[in-house]
>>> print(open('structure.txt').read())   # compact mmCIF, C-alpha atoms and all ligand atoms
# COMPACT_ATOMS: atom_id res chain seq x y z
CA MET A 25 278.16 133.94 238.12
CA PHE A 26 276.73 133.23 234.71
CA THR A 27 274.65 130.15 234.06
CA ILE A 28 274.42 128.01 230.98
CA ASN A 29 271.50 126.66 229.02
CA ASP A 30 271.47 123.38 230.88
CA ASN A 31 269.14 121.81 228.35
CA TYR A 32 272.37 121.06 226.50
CA LEU A 33 273.32 118.72 229.32
CA LYS A 34 270.32 116.56 228.52
CA LEU A 35 271.61 115.78 225.03
CA GLN A 36 272.41 112.14 224.63
CA GLY A 37 276.13 111.45 224.32
CA SER A 38 277.91 113.05 221.45
CA TYR A 39 276.43 113.38 218.06
CA LEU A 40 276.09 110.05 216.25
CA PHE A 41 278.56 110.81 213.49
CA SER A 42 281.25 112.02 215.83
CA ASN A 43 281.00 108.70 217.68
CA ILE A 44 281.47 106.88 214.41
CA ALA A 45 284.39 109.12 213.45
CA LYS A 46 286.08 108.39 216.78
CA LYS A 47 285.72 104.63 216.36
CA VAL A 48 287.03 104.77 212.81
CA ALA A 49 289.96 107.00 213.85
CA ALA A 50 290.88 104.59 216.66
CA TYR A 51 290.77 101.63 214.26
CA LYS A 52 292.85 103.51 211.71
CA GLU A 53 295.45 104.35 214.33
CA GLU A 54 295.87 100.66 215.15
CA ASN A 55 295.67 99.62 211.49
CA PRO A 56 297.24 102.42 209.44
CA GLN A 57 297.27 100.29 206.27
CA ALA A 58 293.55 99.51 206.42
CA ASN A 59 291.57 100.43 203.33
CA ILE A 60 288.33 101.56 204.90
CA ILE A 61 285.25 102.00 202.73
CA ARG A 62 282.82 104.55 204.09
CA LEU A 63 279.17 103.98 203.41
CA GLY A 64 278.19 105.73 206.61
CA ILE A 65 277.72 109.47 206.54
CA GLY A 66 275.31 110.76 203.92
CA ASP A 67 277.88 112.90 202.13
CA VAL A 68 278.05 112.86 198.36
CA THR A 69 281.23 111.92 196.50
CA GLN A 70 280.73 112.98 192.89
CA PRO A 71 282.33 116.30 191.87
CA LEU A 72 280.07 119.25 191.15
CA ALA A 73 278.42 119.12 187.73
CA PRO A 74 279.98 121.25 184.95
CA VAL A 75 277.01 123.69 184.80
CA ILE A 76 277.49 124.48 188.45
CA ILE A 77 281.20 125.04 188.13
CA GLU A 78 280.55 127.30 185.17
CA ALA A 79 277.98 129.35 187.13
CA LEU A 80 280.38 129.63 190.07
CA HIS A 81 283.24 130.84 187.86
CA LYS A 82 281.00 133.39 186.22
CA ALA A 83 279.72 134.71 189.55
CA VAL A 84 283.24 134.86 190.99
CA ASP A 85 284.39 136.92 188.00
CA GLU A 86 281.40 139.24 188.41
CA MET A 87 282.29 139.81 192.05
CA GLY A 88 285.69 141.12 190.95
CA THR A 89 284.17 143.97 188.95
CA PRO A 90 282.65 147.22 190.20
CA GLU A 91 279.37 146.53 188.31
CA GLY A 92 279.14 142.88 189.29
CA PHE A 93 280.13 143.11 192.94
CA HIS A 94 277.45 141.97 195.37
CA GLY A 95 277.58 142.80 199.05
CA TYR A 96 274.86 141.89 201.50
CA GLY A 97 271.99 140.42 199.53
CA PRO A 98 268.36 140.06 200.52
CA GLU A 99 268.25 137.81 203.61
CA GLN A 100 265.48 135.72 202.05
CA GLY A 101 267.51 135.03 198.93
CA TYR A 102 267.88 136.64 195.50
CA GLU A 103 264.77 136.93 193.41
CA PHE A 104 266.39 134.98 190.52
CA LEU A 105 266.78 131.91 192.73
CA ARG A 106 263.48 132.16 194.60
CA SER A 107 261.63 132.41 191.27
CA ALA A 108 263.52 129.46 189.79
CA ILE A 109 262.64 127.36 192.84
CA ALA A 110 258.97 128.38 192.84
CA LYS A 111 258.66 127.69 189.13
CA ASN A 112 260.53 124.39 188.93
CA ASP A 113 260.00 122.72 192.27
CA TYR A 114 256.39 123.82 192.76
CA GLN A 115 254.45 125.47 189.97
CA ALA A 116 255.66 122.95 187.37
CA ARG A 117 254.24 120.24 189.64
CA GLY A 118 250.93 121.98 190.10
CA CYS A 119 251.70 123.27 193.61
CA GLN A 120 250.65 126.79 194.40
CA ILE A 121 253.80 128.26 195.96
CA ASP A 122 255.02 131.78 195.19
CA ALA A 123 258.61 132.99 195.12
CA ASP A 124 258.05 135.20 198.17
CA GLU A 125 257.03 132.16 200.24
CA ILE A 126 260.54 130.75 199.81
CA PHE A 127 263.39 131.52 202.21
CA VAL A 128 266.82 130.64 200.85
CA SER A 129 269.40 129.52 203.38
CA ASP A 130 272.76 127.80 203.60
CA GLY A 131 271.24 124.35 203.97
CA ALA A 132 268.37 122.29 205.29
CA LYS A 133 270.13 121.31 208.51
CA CYS A 134 270.15 124.90 209.78
CA ASP A 135 266.53 125.38 208.78
CA VAL A 136 265.22 122.16 210.32
CA GLY A 137 267.21 123.00 213.42
CA ASN A 138 266.19 126.66 213.64
CA ILE A 139 262.53 126.44 212.66
CA GLN A 140 261.46 125.33 216.15
CA GLU A 141 262.42 128.80 217.46
CA ILE A 142 259.18 130.31 216.16
CA PHE A 143 257.04 127.84 218.13
CA GLY A 144 255.93 127.88 221.74
CA ILE A 145 258.04 126.09 224.27
CA ASP A 146 255.11 124.03 225.56
CA ASN A 147 254.26 122.52 222.20
CA LYS A 148 254.15 118.76 222.05
CA VAL A 149 256.47 117.47 219.38
CA ALA A 150 256.10 114.24 217.41
CA VAL A 151 259.04 112.63 215.69
CA CYS A 152 259.52 109.39 213.84
CA ASP A 153 261.59 106.72 215.51
CA PRO A 154 264.19 106.21 214.03
CA VAL A 155 264.76 109.84 213.12
CA TYR A 156 267.29 112.31 211.70
CA PRO A 157 268.76 113.40 215.08
CA VAL A 158 268.63 117.15 214.39
CA TYR A 159 264.85 117.36 214.99
CA VAL A 160 265.17 115.85 218.45
CA ASP A 161 268.40 117.52 219.55
CA THR A 162 267.31 121.04 218.62
CA ASN A 163 264.08 120.64 220.60
CA VAL A 164 266.10 119.30 223.53
CA MET A 165 268.40 122.34 223.34
CA ALA A 166 265.38 124.62 223.38
CA GLY A 167 263.90 122.87 226.44
CA ARG A 168 260.96 121.34 224.63
CA ALA A 169 261.70 117.65 225.09
CA GLY A 170 261.75 116.93 228.83
CA SER A 171 264.36 114.54 230.11
CA PHE A 172 265.81 111.35 228.75
CA ASP A 173 264.02 108.24 229.94
CA GLN A 174 266.14 105.10 229.64
CA ALA A 175 263.04 102.92 229.83
CA ILE A 176 261.59 104.37 226.62
CA GLY A 177 264.99 105.13 225.10
CA GLY A 178 263.88 108.68 224.39
CA PHE A 179 262.74 112.02 225.83
CA ASN A 180 259.63 111.93 227.98
CA GLN A 181 257.93 114.99 226.44
CA LEU A 182 258.35 113.91 222.84
CA ILE A 183 255.84 111.74 221.04
CA TYR A 184 257.75 108.97 219.28
CA MET A 185 256.14 107.39 216.25
CA PRO A 186 257.75 103.99 215.68
CA CYS A 187 258.65 103.19 212.09
CA THR A 188 259.12 99.47 211.99
CA GLU A 189 259.12 96.52 209.63
CA GLU A 190 255.52 95.85 210.74
CA ASN A 191 254.19 99.23 209.59
CA GLY A 192 256.46 99.42 206.54
CA PHE A 193 258.48 102.22 208.19
CA ALA A 194 255.48 104.55 207.88
CA PRO A 195 254.49 106.29 211.11
CA GLU A 196 250.90 105.92 212.27
CA LEU A 197 248.79 108.93 213.23
CA PRO A 198 249.46 109.35 216.96
CA ASN A 199 246.66 108.97 219.52
CA GLU A 200 248.04 111.81 221.61
CA VAL A 201 247.72 114.84 219.34
CA PRO A 202 251.05 116.65 218.80
CA ASP A 203 251.35 120.37 218.09
CA MET A 204 254.42 120.01 215.90
CA ILE A 205 255.01 116.98 213.68
CA TYR A 206 258.34 116.32 211.96
CA LEU A 207 258.08 114.18 208.85
CA CYS A 208 260.84 113.36 206.40
CA PHE A 209 260.16 111.59 203.11
CA PRO A 210 261.93 109.98 201.37
CA ASN A 211 263.22 109.07 204.76
CA ASN A 212 266.60 109.26 206.34
CA PRO A 213 267.52 106.75 207.74
CA THR A 214 265.04 104.05 206.62
CA GLY A 215 264.93 104.95 202.91
CA ALA A 216 261.12 104.61 203.03
CA ALA A 217 258.87 106.81 200.89
CA ILE A 218 255.31 107.93 201.59
CA THR A 219 252.38 107.64 199.18
CA LYS A 220 250.29 110.66 198.32
CA ASP A 221 247.26 109.19 200.11
CA ALA A 222 249.24 108.54 203.28
CA LEU A 223 250.67 112.06 203.24
CA GLN A 224 247.20 113.49 202.60
CA ALA A 225 246.03 111.70 205.76
CA TRP A 226 248.74 113.56 207.72
CA VAL A 227 247.71 116.90 206.21
CA ASP A 228 244.05 116.24 207.07
CA TYR A 229 245.02 115.18 210.59
CA ALA A 230 247.13 118.33 211.09
CA ASN A 231 244.40 120.64 209.79
CA LYS A 232 241.76 118.93 211.92
CA ASN A 233 243.82 119.10 215.10
CA GLY A 234 245.60 122.43 214.65
CA SER A 235 249.05 120.84 214.32
CA VAL A 236 251.88 122.06 212.11
CA ILE A 237 253.86 119.63 209.93
CA LEU A 238 257.57 120.32 209.46
CA TYR A 239 258.25 118.43 206.27
CA ASP A 240 261.85 117.65 205.37
CA ALA A 241 262.09 116.93 201.64
CA ALA A 242 265.90 116.77 201.44
CA TYR A 243 265.79 113.54 199.39
CA GLU A 244 262.99 114.47 197.01
CA ALA A 245 265.26 114.13 193.95
CA TYR A 246 265.64 110.39 194.60
CA ILE A 247 261.97 109.55 194.11
CA SER A 248 261.78 107.08 191.23
CA GLU A 249 258.29 105.63 191.54
CA PRO A 250 255.00 107.21 190.48
CA GLY A 251 252.46 108.09 193.17
CA ILE A 252 255.09 109.37 195.57
CA PRO A 253 254.68 113.08 196.33
CA HIS A 254 257.69 115.32 195.69
CA SER A 255 256.29 118.02 197.94
CA ILE A 256 253.75 118.11 200.75
CA TYR A 257 252.04 120.93 198.84
CA GLU A 258 250.82 118.31 196.37
CA CYS A 259 248.32 117.48 199.12
CA GLU A 260 245.13 119.45 199.45
CA GLY A 261 245.13 121.75 202.46
CA ALA A 262 248.89 121.67 203.05
CA ARG A 263 249.15 125.44 202.72
CA THR A 264 247.39 125.86 206.04
CA CYS A 265 249.40 123.33 208.03
CA ALA A 266 252.83 122.63 206.52
CA ILE A 267 256.32 124.08 206.31
CA GLU A 268 258.69 122.36 203.88
CA MET A 269 262.47 122.25 203.93
CA HIS A 270 264.74 121.46 200.98
CA SER A 271 268.41 121.00 200.43
CA PHE A 272 270.70 121.34 197.41
CA SER A 273 273.07 118.86 199.03
CA LYS A 274 271.79 115.56 197.74
CA ASN A 275 270.27 116.50 194.39
CA ALA A 276 273.16 118.71 193.28
CA GLY A 277 276.14 117.83 195.47
CA PHE A 278 276.15 121.09 197.46
CA THR A 279 277.17 119.47 200.77
CA GLY A 280 280.31 121.62 200.71
CA LEU A 281 278.91 124.63 198.86
CA ARG A 282 275.84 124.92 201.17
CA LEU A 283 272.41 125.92 199.96
CA GLY A 284 268.85 125.08 200.96
CA TYR A 285 265.45 126.65 201.37
CA THR A 286 262.32 126.65 203.49
CA VAL A 287 258.80 127.24 202.26
CA ILE A 288 256.23 128.91 204.51
CA PRO A 289 252.89 129.55 202.82
CA LYS A 290 251.23 132.81 203.72
CA GLU A 291 248.03 131.01 204.76
CA LEU A 292 249.81 129.25 207.60
CA VAL A 293 248.63 131.12 210.67
CA CYS A 294 248.31 130.52 214.40
CA ASN A 295 245.69 132.58 216.22
CA GLY A 296 245.85 135.16 213.46
CA VAL A 297 249.66 135.39 213.46
CA SER A 298 251.41 134.51 210.21
CA LEU A 299 254.26 132.03 210.53
CA HIS A 300 255.67 133.47 207.32
CA SER A 301 256.13 136.85 208.99
CA LEU A 302 257.62 135.30 212.13
CA TRP A 303 260.18 133.36 210.11
CA ASN A 304 260.85 136.42 207.97
CA ARG A 305 261.63 138.34 211.16
CA ARG A 306 263.80 135.54 212.52
CA HIS A 307 265.66 135.07 209.23
CA GLY A 308 266.24 138.80 208.81
CA THR A 309 267.49 139.17 212.37
CA LYS A 310 269.81 136.18 212.58
CA TYR A 311 270.87 135.52 209.00
CA ASN A 312 272.51 137.63 206.32
CA GLY A 313 271.74 135.53 203.28
CA ALA A 314 273.43 132.72 201.36
CA PRO A 315 276.49 133.80 199.31
CA TYR A 316 275.71 135.38 195.95
CA ILE A 317 277.99 133.01 194.05
CA VAL A 318 276.35 129.96 195.65
CA GLN A 319 272.90 131.26 194.81
CA ARG A 320 273.99 131.68 191.19
CA ALA A 321 275.17 128.05 191.30
CA GLY A 322 271.76 127.14 192.71
CA GLU A 323 270.08 128.90 189.81
CA ALA A 324 272.12 126.76 187.39
CA VAL A 325 270.59 123.63 188.97
CA TYR A 326 267.31 124.64 187.28
CA SER A 327 268.72 125.28 183.81
CA GLU A 328 267.90 122.67 181.17
CA GLU A 329 271.52 121.53 181.06
CA GLY A 330 271.67 121.55 184.86
CA LYS A 331 268.63 119.31 185.14
CA LYS A 332 270.16 116.84 182.70
CA GLN A 333 273.54 116.72 184.43
CA LEU A 334 272.02 116.37 187.88
CA GLN A 335 269.61 113.65 186.84
CA ALA A 336 272.65 111.71 185.68
CA GLN A 337 274.33 112.27 189.04
CA VAL A 338 271.29 111.07 190.98
CA ALA A 339 271.06 108.06 188.63
CA TYR A 340 274.69 107.25 189.44
CA TYR A 341 273.93 107.08 193.15
CA MET A 342 270.71 105.17 192.59
CA GLU A 343 272.63 102.55 190.62
CA ASN A 344 274.75 102.13 193.75
CA ALA A 345 271.55 101.82 195.76
CA ARG A 346 270.38 99.05 193.46
CA LEU A 347 273.72 97.26 193.74
CA ILE A 348 273.58 97.44 197.52
CA ARG A 349 269.96 96.35 197.74
CA GLU A 350 270.37 93.42 195.40
CA GLY A 351 273.81 92.47 196.71
CA LEU A 352 272.52 92.36 200.28
CA ALA A 353 269.51 90.28 199.27
CA ASP A 354 271.84 87.83 197.45
CA ALA A 355 273.97 87.59 200.55
CA GLY A 356 270.88 86.68 202.60
CA PHE A 357 270.28 90.00 204.35
CA THR A 358 266.87 91.56 204.77
CA ALA A 359 267.11 95.09 203.45
CA TYR A 360 264.69 97.96 202.81
CA GLY A 361 264.82 101.32 201.03
CA GLY A 362 267.13 102.21 198.17
CA VAL A 363 264.29 102.63 195.62
CA ASN A 364 263.14 106.21 196.28
CA ALA A 365 266.03 107.14 198.54
CA PRO A 366 269.81 106.79 198.63
CA TYR A 367 269.62 104.85 201.92
CA ILE A 368 269.43 101.12 202.49
CA TRP A 369 268.14 100.02 205.87
CA LEU A 370 269.26 96.51 206.62
CA LYS A 371 268.40 94.17 209.44
CA THR A 372 271.46 93.14 211.40
CA PRO A 373 272.11 89.39 211.19
CA ASP A 374 272.17 86.87 214.05
CA GLY A 375 270.46 89.20 216.51
CA LEU A 376 273.48 91.53 216.69
CA THR A 377 272.83 95.01 218.02
CA SER A 378 273.38 97.87 215.60
CA TRP A 379 276.70 98.86 217.21
CA GLU A 380 277.88 95.21 217.38
CA PHE A 381 277.27 94.95 213.66
CA PHE A 382 279.08 98.28 213.14
CA ASP A 383 282.14 96.91 214.97
CA LYS A 384 281.99 93.63 213.07
CA LEU A 385 281.88 95.37 209.69
CA LEU A 386 284.66 97.79 210.63
CA HIS A 387 286.97 95.20 212.18
CA GLU A 388 286.37 92.26 209.85
CA VAL A 389 285.86 93.85 206.45
CA GLN A 390 286.71 97.54 206.98
CA VAL A 391 283.34 98.83 205.85
CA VAL A 392 281.75 101.72 207.75
CA GLY A 393 278.00 102.16 207.97
CA THR A 394 275.70 103.84 210.48
CA PRO A 395 274.17 101.95 213.42
CA GLY A 396 270.37 102.18 213.30
CA SER A 397 270.09 102.60 217.07
CA GLY A 398 271.86 105.96 216.72
CA PHE A 399 268.65 107.24 215.11
CA GLY A 400 266.34 106.08 217.90
CA ALA A 401 265.19 103.10 219.91
CA SER A 402 263.25 101.56 217.02
CA GLY A 403 266.42 101.65 214.93
CA GLU A 404 268.03 99.02 217.15
CA GLY A 405 268.80 95.89 215.14
CA PHE A 406 269.09 97.89 211.92
CA PHE A 407 271.97 99.42 210.03
CA ARG A 408 272.11 102.17 207.40
CA LEU A 409 274.24 102.00 204.28
CA THR A 410 274.32 104.88 201.84
CA ALA A 411 274.51 104.91 198.07
CA PHE A 412 276.77 107.98 198.08
CA GLY A 413 280.04 106.11 197.59
CA THR A 414 281.71 105.65 194.25
CA LYS A 415 280.48 102.72 192.18
CA GLU A 416 283.84 100.98 192.57
CA SER A 417 283.90 101.30 196.34
CA THR A 418 280.26 100.21 196.58
CA ILE A 419 280.99 97.07 194.59
CA GLU A 420 284.07 96.38 196.69
CA ALA A 421 282.15 96.95 199.95
CA LEU A 422 279.49 94.45 198.88
CA ALA A 423 282.07 91.85 197.93
CA ARG A 424 283.56 92.26 201.39
CA ILE A 425 280.17 92.06 203.14
CA ARG A 426 279.44 88.84 201.24
CA ARG A 427 282.64 87.39 202.68
CA LEU A 428 281.37 87.91 206.24
N1 LIG A 501 267.60 116.72 206.33
C1 LIG A 501 267.90 115.43 206.28
C2 LIG A 501 266.82 114.43 206.49
C3 LIG A 501 269.21 115.01 206.05
O1 LIG A 501 269.50 113.72 206.03
C4 LIG A 501 270.22 115.98 205.87
C5 LIG A 501 271.62 115.60 205.64
O2 LIG A 501 272.06 114.52 205.70
C6 LIG A 501 269.87 117.30 205.93
C7 LIG A 501 268.55 117.65 206.16
C8 LIG A 501 270.92 118.36 205.81
O3 LIG A 501 270.91 118.97 204.58
P1 LIG A 501 271.92 120.16 204.28
O4 LIG A 501 273.18 119.58 203.76
O5 LIG A 501 271.18 120.98 203.26
O6 LIG A 501 272.13 120.93 205.53
>>> encode(input="structure.txt", output="structure tokens")
Amino acid sequence: MFTINDNYLKLQGSYLFSNIAKKVAAYKEENPQANIIRLGIGDVTQPLAPVIIEALHKAVDEMGTPEGFHGYGPEQGYEFLRSAIAKNDYQARGCQIDADEIFVSDGAKCDVGNIQEIFGIDNKVAVCDPVYPVYVDTNVMAGRAGSFDQAIGGFNQLIYMPCTEENGFAPELPNEVPDMIYLCFPNNPTGAAITKDALQAWVDYANKNGSVILYDAAYEAYISEPGIPHSIYECEGARTCAIEMHSFSKNAGFTGLRLGYTVIPKELVCNGVSLHSLWNRRHGTKYNGAPYIVQRAGEAVYSEEGKKQLQAQVAYYMENARLIREGLADAGFTAYGGVNAPYIWLKTPDGLTSWEFFDKLLHEVQVVGTPGSGFGASGEGFFRLTAFGTKESTIEALARIRRL
């Protein structure tokens, strides 16, 4: 009889957001009239910018002509998009990244989930706590995380790096040296950013110890303060120790269109083997490329008009972040984030657990957020609100929270 990959059985409960969806659905069934405001899942709400719609229409029309039809494209992405990314996201910022070091995909989630496949199964993995669950769950699925230990509230082979109020939600360099280190800045869920000096310390640590950093820059577009790096390649030496993942979801509203990319510098090697060539092999074997029309839409993100329209979109969400941050402070909450990230990380009041506060918000004021404990043990006692709602619903949600 066949067997299954029983690592899947070690996964903790169901995925955080499906738990939330179930609770909300149950509440809605009992209270069909309820006007629920969702500031939980990190999905955007603004329609796609006009330049993107225009690029999509144009590419769709092309596909309907014999000259403009595109079948299978290059698995790594079309040259026009890879060059636009290299030029705008890297070279314009003084980072030395070439177009052929960029692998276009259908989103950062797949890449951050799949990247662990090119690493050895015995590698020790460090993750922040709290953390975007995909890093942990994909290593569990692969059999790289050990088993769940209730006492530590995590997997016994992972190295958890607590991100707490005390350390300003910035992980400290671990004493036990990891082989793989997941970092995400600006951070989901805490909304914390990392300074260039602090990130340089991680790059130096990784180079000194032979670790690889898997750097998730999905929220880079939300950085508003100077001195915050937009890419890990702004740090000296990152080309020999870091892989970076990006998304078009949050800067350009592609959560439904799907587009992202991963950068693997050619200097990144392990015992003489290039990680770039391993990922190239993996990508070419398991992936047939992002859709042509979506890549054309991605190209439009880098046009002058595109940049303008998307800056306005990000500014819209960041105004919500400001409203939430300031509204929560007025209402007596302690809240973090929301300056360089679309997430606000608030401390639950009166010693409530994260899920107790979730239930209270849902049942008493019909506002949905995300319980911090769903992101890891150190998230207990915290709660994540996102700035991705509409301005009107954000204002209404805050008025309701004040009434609590
Ligand atoms: N990385 C982080 C840290 C995220 O929070 C998210 C989505 O919420 C993603 C990656 C997924 O990005 P994408 O929509 O490109 O798959």
>>> atom_distance(input="structure.txt", atom1="atom CA of Ala321 of chain A", atom2="atom CA of Ile77 of chain A")
7.4 Å
>>> closest_residue(input="structure.txt", among="A:Ala423, A:Leu302, A:Ala73, A:Ala83", to="Gly351 of chain A", atoms="all atoms listed in the file")
A:Ala423
>>> atom_distance(input="structure.txt", atom1="atom CA of Phe41 of chain A", atom2="atom CA of Thr394 of chain A")
8.1 Å
>>> atom_distance(input="structure.txt", atom1="atom CA of Ala222 of chain A", atom2="atom CA of Ser273 of chain A")
26.3 Å
>>> residues_around(input="structure.txt", residues="Leu370 of chain A", least_positions_apart="3", cutoff="7 Å", atoms="all atoms listed in the file", output="MDAnalysis selection string")
chainID A and resid 357:360 406:408
>>> residues_near_ligand(input="structure.txt", ligand="ligand LIG 501 (chain A)", cutoff="6 Å", atoms="all atoms listed in the file", output="list in words")
Gly66, Gly131, Ala132, Lys133, Tyr156, Asn212, Asp240, Ala242, Ser271, Phe272, Ser273, Thr279 and Gly284 of chain A
>>> closest_residue(input="structure.txt", among="A:Ala49, A:Ile183, A:Leu409, A:Val338", to="Ala150 of chain A", atoms="all atoms listed in the file")
A:Ile183
>>> closest_residue(input="structure.txt", among="A:Gly330, A:Gly393, A:Gly101, A:Gly361", to="Thr286 of chain A", atoms="all atoms listed in the file")
A:Gly101
>>> closest_residue(input="structure.txt", among="A:Thr414, A:Thr372, A:Thr89, A:Thr377", to="Tyr341 of chain A", atoms="all atoms listed in the file")
A:Thr414
>>> closest_residue(input="structure.txt", among="A:Gly37, A:Cys119, A:Gly64, A:Cys259", to="Leu385 of chain A", atoms="all atoms listed in the file")
A:Gly64
>>> build_atoms(input="structure.txt", residues="segment 245-252 of chain A", atoms="all heavy atoms", output="compact mmCIF listing (two decimals), in the coordinates of the input")
# COMPACT_ATOMS: atom_id res chain seq x y z
N ALA A 245 264.74 114.41 195.30
CA ALA A 245 265.26 114.13 193.95
C ALA A 245 265.44 112.63 193.70
O ALA A 245 265.62 112.21 192.55
CB ALA A 245 266.59 114.84 193.75
N TYR A 246 265.39 111.82 194.75
CA TYR A 246 265.64 110.39 194.60
C TYR A 246 264.37 109.59 194.35
O TYR A 246 264.43 108.36 194.18
CB TYR A 246 266.41 109.85 195.82
CG TYR A 246 267.80 110.41 195.82
CD1 TYR A 246 268.08 111.67 196.33
CD2 TYR A 246 268.85 109.71 195.22
CE1 TYR A 246 269.34 112.22 196.28
CE2 TYR A 246 270.12 110.24 195.15
CZ TYR A 246 270.36 111.50 195.68
OH TYR A 246 271.61 112.03 195.60
N ILE A 247 263.23 110.27 194.34
CA ILE A 247 261.97 109.55 194.11
C ILE A 247 261.97 109.00 192.68
O ILE A 247 262.20 109.73 191.72
CB ILE A 247 260.77 110.50 194.32
CG1 ILE A 247 260.69 110.89 195.80
CG2 ILE A 247 259.47 109.86 193.86
CD1 ILE A 247 259.67 111.96 196.12
N SER A 248 261.75 107.68 192.57
CA SER A 248 261.78 107.08 191.23
C SER A 248 260.43 106.48 190.85
O SER A 248 260.21 106.16 189.70
CB SER A 248 262.86 106.00 191.16
OG SER A 248 262.49 104.90 191.98
N GLU A 249 259.55 106.30 191.84
CA GLU A 249 258.29 105.63 191.54
C GLU A 249 257.16 106.65 191.40
O GLU A 249 257.16 107.69 192.06
CB GLU A 249 257.94 104.65 192.67
CG GLU A 249 258.91 103.48 192.74
CD GLU A 249 258.51 102.50 193.83
OE1 GLU A 249 258.17 102.92 194.94
OE2 GLU A 249 258.55 101.29 193.55
N PRO A 250 256.16 106.31 190.58
CA PRO A 250 255.00 107.21 190.48
C PRO A 250 254.17 107.11 191.76
O PRO A 250 254.28 106.14 192.51
CB PRO A 250 254.22 106.65 189.28
CG PRO A 250 254.66 105.24 189.15
CD PRO A 250 256.06 105.13 189.70
N GLY A 251 253.36 108.15 192.01
CA GLY A 251 252.46 108.09 193.17
C GLY A 251 253.12 108.52 194.47
O GLY A 251 252.50 108.48 195.52
N ILE A 252 254.40 108.90 194.37
CA ILE A 252 255.09 109.37 195.57
C ILE A 252 255.18 110.90 195.47
O ILE A 252 255.74 111.42 194.49
CB ILE A 252 256.54 108.78 195.65
CG1 ILE A 252 256.53 107.25 195.50
CG2 ILE A 252 257.24 109.23 196.91
CD1 ILE A 252 255.97 106.50 196.66
